[in-house]
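> Take this structure, written in structure tokens, and hold onto it; I'll ask about it next.
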Amino acid sequence: MFTPIIILCLLTLPLVTAWLVKMVAKSKAPLAITRYACSGLGLCFIFFAIGHLVKTQGMIEMLPVWLPYRIVIIYATGLLELAIALALFIPALQLRAAWLAIAVFIVFFPANVYAALYGVGLGGHQWGAVYLLIRAPLQLILIGWAYFVCIKKSSSLLNSNSAAAK
């Protein structure tokens with residue numbers, strides 16, 4: 001049941017570390033919030049991908065039995081998560097990767113609902129429907145982080161750079 005805590009730690013680790021280094025160094029340079037926020041989201045997606053590629057059987061159990069090609073779906077989604085993770089570390093791809101991350105959180109959420117309702121899978125789903133009281137807010141935090149810190153912050157930087165260039 002430590003999975004949500006691990007996810008939140010991975011999400012915030014690069015940004016908190018960069019802020020602490022800035023404070024210790026007493027640097028006046030602005031903190032590259034978007035860069036570190038996207039790195040944290042990238043670490044989360046590496047964690048998610050590892051789960052899909054290493055804990056495959058538990059992930060398969062999270063899908064309805066009537067769904068065909070469940071193992072292929074799990075491996076494909078693991079590779080998709082890995083691709084998103086890598087893109088989140090590349091500044092030119094971060095904006096698109098953050099949008100894709102939001103889409104993945106929304107599209108994959110029904111599998112989490114199914115797993116929680118049937119008490120199958122990994123990472124706390126065995127708790128049953130009560131796990132959704134943890135999982136749903138976590139999903140909202142991840143979506144909010146991707147949008148407000150990775151996308152919106154990045155978009156405001158792009159707009160200020162365009163205005164400065166004029």
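Residue names in the structure tokens use chain letters A, B, ... in the order shown, residue numbers from 1 in each chain, and ligand numbers from 1 in the order shown.
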Just the residues within 10 Å of Cys9 in chain A, please, counting only C-alpha atoms, with nothing from its chain fewer than 4 positions along; format it as a VMD selection string.
chain A and resid 3 to 5 13 to 14 16 40 43 to 44
> Produce a file of the selected residues containing all heavy atoms, as a PDB file, in the first residue's frame.

ATOM      1  N   THR A   3       2.492   2.221  -2.568  1.00  0.00           N
ATOM      2  CA  THR A   3       2.590   2.687  -3.946  1.00  0.00           C
ATOM      3  C   THR A   3       2.240   4.166  -4.101  1.00  0.00           C
ATOM      4  O   THR A   3       3.010   4.904  -4.733  1.00  0.00           O
ATOM      5  CB  THR A   3       1.718   1.805  -4.872  1.00  0.00           C
ATOM      6  OG1 THR A   3       2.140   0.455  -4.725  1.00  0.00           O
ATOM      7  CG2 THR A   3       1.846   2.221  -6.313  1.00  0.00           C
ATOM      8  N   PRO A   4       1.123   4.654  -3.570  1.00  0.00           N
ATOM      9  CA  PRO A   4       0.845   6.098  -3.726  1.00  0.00           C
ATOM     10  C   PRO A   4       1.922   6.990  -3.115  1.00  0.00           C
ATOM     11  O   PRO A   4       2.248   8.045  -3.668  1.00  0.00           O
ATOM     12  CB  PRO A   4      -0.497   6.288  -3.003  1.00  0.00           C
ATOM     13  CG  PRO A   4      -1.142   4.946  -3.047  1.00  0.00           C
ATOM     14  CD  PRO A   4      -0.005   3.967  -2.926  1.00  0.00           C
ATOM     15  N   ILE A   5       2.506   6.569  -1.998  1.00  0.00           N
ATOM     16  CA  ILE A   5       3.567   7.356  -1.370  1.00  0.00           C
ATOM     17  C   ILE A   5       4.806   7.372  -2.252  1.00  0.00           C
ATOM     18  O   ILE A   5       5.440   8.421  -2.433  1.00  0.00           O
ATOM     19  CB  ILE A   5       3.886   6.807   0.043  1.00  0.00           C
ATOM     20  CG1 ILE A   5       2.672   6.993   0.949  1.00  0.00           C
ATOM     21  CG2 ILE A   5       5.122   7.480   0.632  1.00  0.00           C
ATOM     22  CD1 ILE A   5       2.726   6.242   2.246  1.00  0.00           C
ATOM     23  N   LEU A  13      10.398  14.630  -6.094  1.00  0.00           N
ATOM     24  CA  LEU A  13      11.832  14.537  -5.807  1.00  0.00           C
ATOM     25  C   LEU A  13      12.712  15.492  -6.622  1.00  0.00           C
ATOM     26  O   LEU A  13      13.510  16.245  -6.040  1.00  0.00           O
ATOM     27  CB  LEU A  13      12.322  13.093  -5.957  1.00  0.00           C
ATOM     28  CG  LEU A  13      13.798  12.856  -5.665  1.00  0.00           C
ATOM     29  CD1 LEU A  13      14.072  13.070  -4.175  1.00  0.00           C
ATOM     30  CD2 LEU A  13      14.203  11.459  -6.075  1.00  0.00           C
ATOM     31  N   PRO A  14      12.613  15.523  -7.953  1.00  0.00           N
ATOM     32  CA  PRO A  14      13.509  16.429  -8.699  1.00  0.00           C
ATOM     33  C   PRO A  14      13.282  17.902  -8.367  1.00  0.00           C
ATOM     34  O   PRO A  14      14.240  18.658  -8.208  1.00  0.00           O
ATOM     35  CB  PRO A  14      13.162  16.143 -10.167  1.00  0.00           C
ATOM     36  CG  PRO A  14      12.591  14.769 -10.166  1.00  0.00           C
ATOM     37  CD  PRO A  14      11.847  14.655  -8.864  1.00  0.00           C
ATOM     38  N   VAL A  16      11.895  19.272  -5.571  1.00  0.00           N
ATOM     39  CA  VAL A  16      12.320  19.563  -4.194  1.00  0.00           C
ATOM     40  C   VAL A  16      13.845  19.571  -4.091  1.00  0.00           C
ATOM     41  O   VAL A  16      14.428  20.462  -3.461  1.00  0.00           O
ATOM     42  CB  VAL A  16      11.693  18.548  -3.204  1.00  0.00           C
ATOM     43  CG1 VAL A  16      12.308  18.662  -1.835  1.00  0.00           C
ATOM     44  CG2 VAL A  16      10.184  18.743  -3.135  1.00  0.00           C
ATOM     45  N   GLY A  40      10.062  14.829 -12.652  1.00  0.00           N
ATOM     46  CA  GLY A  40       9.354  14.061 -11.625  1.00  0.00           C
ATOM     47  C   GLY A  40       8.250  13.209 -12.223  1.00  0.00           C
ATOM     48  O   GLY A  40       8.097  12.029 -11.883  1.00  0.00           O
ATOM     49  N   LEU A  43       9.852  10.305 -13.899  1.00  0.00           N
ATOM     50  CA  LEU A  43      10.210   9.240 -12.958  1.00  0.00           C
ATOM     51  C   LEU A  43       8.989   8.387 -12.608  1.00  0.00           C
ATOM     52  O   LEU A  43       9.086   7.159 -12.511  1.00  0.00           O
ATOM     53  CB  LEU A  43      10.813   9.832 -11.682  1.00  0.00           C
ATOM     54  CG  LEU A  43      12.201  10.455 -11.801  1.00  0.00           C
ATOM     55  CD1 LEU A  43      12.609  11.096 -10.476  1.00  0.00           C
ATOM     56  CD2 LEU A  43      13.227   9.430 -12.255  1.00  0.00           C
ATOM     57  N   CYS A  44       7.845   9.039 -12.432  1.00  0.00           N
ATOM     58  CA  CYS A  44       6.611   8.290 -12.156  1.00  0.00           C
ATOM     59  C   CYS A  44       6.286   7.345 -13.309  1.00  0.00           C
ATOM     60  O   CYS A  44       5.934   6.186 -13.083  1.00  0.00           O
ATOM     61  CB  CYS A  44       5.435   9.244 -11.930  1.00  0.00           C
ATOM     62  SG  CYS A  44       5.519  10.140 -10.375  1.00  0.00           S
TER      63      CYS A  44
END
> Please provide the set of residues having any atom within 9 Å of Ile151 in chain A, restricted to only C-alpha atoms, with same-chain residues fewer than 4 positions apart removed, written as a ChimeraX atom specification.
/A:34,94-96,98-99,145-147,155-156
> How far is it from CA of Ala76 in chain A to CA of Lys55 in chain A, in Å with one decimal?
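Going from CA of Ala76 in chain A over to CA of Lys55 in chain A, I get 13.7 Å.
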> Where does DSSP see alpha helix (DSSP H) in chain A, if you list the residues as number ranges by chain?
A: 3-25, 33-54, 56-61, 70-88, 94-118, 132-144, 152-165
> Those residues with C-alpha atoms, as a compact mmCIF listing (two decimals), in the first residue's frame please?

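Contents of out-v2.txt, as written:
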# COMPACT_ATOMS: atom_id res chain seq x y z
CA THR A 3 2.59 2.69 -3.95
CA PRO A 4 0.84 6.10 -3.73
CA ILE A 5 3.57 7.36 -1.37
CA ILE A 6 6.29 6.13 -3.74
CA ILE A 7 4.54 7.86 -6.65
CA LEU A 8 4.26 11.18 -4.76
CA CYS A 9 7.93 10.97 -3.72
CA LEU A 10 9.05 10.30 -7.29
CA LEU A 11 6.83 13.11 -8.57
CA THR A 12 8.24 15.76 -6.24
CA LEU A 13 11.83 14.54 -5.81
CA PRO A 14 13.51 16.43 -8.70
CA LEU A 15 11.73 19.72 -7.95
CA VAL A 16 12.32 19.56 -4.19
CA THR A 17 15.96 18.56 -4.72
CA ALA A 18 16.54 21.41 -7.19
CA TRP A 19 14.91 23.88 -4.79
CA LEU A 20 17.05 22.65 -1.87
CA VAL A 21 20.23 22.91 -3.96
CA LYS A 22 19.22 26.44 -5.00
CA MET A 23 18.64 27.41 -1.35
CA VAL A 24 21.91 25.88 -0.11
CA ALA A 25 23.86 27.48 -2.96
CA ILE A 33 10.21 24.55 -12.42
CA THR A 34 8.82 23.01 -15.61
CA ARG A 35 12.01 21.04 -16.25
CA TYR A 36 12.08 19.53 -12.77
CA ALA A 37 8.31 18.99 -12.65
CA CYS A 38 8.44 17.10 -15.96
CA SER A 39 11.39 15.08 -14.67
CA GLY A 40 9.35 14.06 -11.62
CA LEU A 41 6.44 13.02 -13.82
CA GLY A 42 8.95 11.16 -16.00
CA LEU A 43 10.21 9.24 -12.96
CA CYS A 44 6.61 8.29 -12.16
CA PHE A 45 6.10 6.99 -15.68
CA ILE A 46 9.29 4.93 -15.42
CA PHE A 47 7.85 3.44 -12.22
CA PHE A 48 4.54 2.73 -14.00
CA ALA A 49 6.33 1.14 -16.96
CA ILE A 50 8.38 -1.10 -14.67
CA GLY A 51 5.15 -2.22 -13.04
CA HIS A 52 3.67 -3.16 -16.41
CA LEU A 53 6.80 -4.90 -17.66
CA VAL A 54 7.84 -6.67 -14.42
CA THR A 56 2.73 -8.31 -15.66
CA GLN A 57 0.49 -10.94 -14.07
CA GLY A 58 -0.83 -8.53 -11.45
CA MET A 59 -1.50 -5.98 -14.18
CA ILE A 60 -3.32 -8.58 -16.30
CA GLU A 61 -5.61 -9.29 -13.34
CA ARG A 70 -4.63 -8.77 -22.12
CA ILE A 71 -0.90 -9.56 -21.96
CA VAL A 72 -0.29 -7.65 -25.19
CA ILE A 73 -2.23 -4.70 -23.79
CA ILE A 74 -0.13 -4.71 -20.61
CA TYR A 75 3.19 -4.85 -22.48
CA ALA A 76 2.05 -2.21 -24.99
CA THR A 77 0.91 0.15 -22.24
CA GLY A 78 4.19 -0.43 -20.40
CA LEU A 79 6.12 0.55 -23.53
CA LEU A 80 3.84 3.57 -24.01
CA GLU A 81 4.53 4.65 -20.43
CA LEU A 82 8.26 4.25 -21.01
CA ALA A 83 8.04 6.39 -24.16
CA ILE A 84 6.13 9.08 -22.25
CA ALA A 85 8.73 8.93 -19.47
CA LEU A 86 11.61 9.44 -21.89
CA ALA A 87 9.80 12.27 -23.69
CA LEU A 88 9.23 14.05 -20.36
CA GLN A 94 7.78 17.77 -22.67
CA LEU A 95 4.62 19.66 -23.57
CA ARG A 96 3.28 16.89 -25.84
CA ALA A 97 4.36 14.22 -23.37
CA ALA A 98 2.53 15.96 -20.51
CA TRP A 99 -0.67 16.09 -22.60
CA LEU A 100 -0.25 12.41 -23.44
CA ALA A 101 0.33 11.65 -19.74
CA ILE A 102 -3.01 13.28 -18.91
CA ALA A 103 -4.73 11.23 -21.61
CA VAL A 104 -3.17 8.03 -20.25
CA PHE A 105 -4.32 8.81 -16.70
CA ILE A 106 -7.87 9.31 -17.95
CA VAL A 107 -7.94 6.29 -20.30
CA PHE A 108 -6.36 3.89 -17.77
CA PHE A 109 -8.56 4.94 -14.85
CA PRO A 110 -11.39 2.48 -15.67
CA ALA A 111 -8.91 -0.39 -15.21
CA ASN A 112 -8.16 0.96 -11.73
CA VAL A 113 -11.88 1.16 -10.97
CA TYR A 114 -12.39 -2.41 -12.19
CA ALA A 115 -9.43 -3.68 -10.15
CA ALA A 116 -10.60 -1.90 -7.00
CA LEU A 117 -14.21 -3.07 -7.35
CA TYR A 118 -13.08 -6.67 -7.83
CA LEU A 132 -10.53 4.32 -4.97
CA LEU A 133 -10.65 6.86 -2.12
CA ILE A 134 -6.85 6.94 -2.43
CA ARG A 135 -6.45 6.24 -6.14
CA ALA A 136 -8.92 8.82 -7.48
CA PRO A 137 -7.34 11.77 -5.63
CA LEU A 138 -3.88 10.50 -6.64
CA GLN A 139 -4.96 10.48 -10.29
CA LEU A 140 -6.27 14.03 -9.89
CA ILE A 141 -2.96 15.13 -8.33
CA LEU A 142 -1.02 13.59 -11.23
CA ILE A 143 -3.32 15.19 -13.82
CA GLY A 144 -3.12 18.54 -12.01
CA LYS A 152 0.49 25.64 -18.16
CA LYS A 153 3.84 26.70 -16.70
CA SER A 154 5.56 25.70 -19.96
CA SER A 155 2.95 27.55 -22.04
CA SER A 156 3.36 30.72 -19.97
CA LEU A 157 7.14 30.50 -20.47
CA LEU A 158 6.67 30.08 -24.23
CA ASN A 159 4.35 33.10 -24.35
CA SER A 160 6.71 35.27 -22.30
CA ASN A 161 9.65 34.25 -24.52
CA SER A 162 7.66 35.16 -27.67
CA ALA A 163 6.71 38.52 -26.19
CA ALA A 164 10.34 39.18 -25.22
CA ALA A 165 11.47 38.31 -28.74
> Name the closest residue to Cys150 in chain A among the candidates A:Gly128, A:Pro30, A:Gly121, A:Pro91; distances are taken between atoms, counting only C-alpha atoms.
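The shortest atom-to-atom distance to Cys150 in chain A comes from A:Pro91.
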> Just give me the gap between CA of Ile90 in chain A and CA of Ser27 in chain A in Å, one decimal is fine.
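Here the two named atoms are 24.4 Å from each other.
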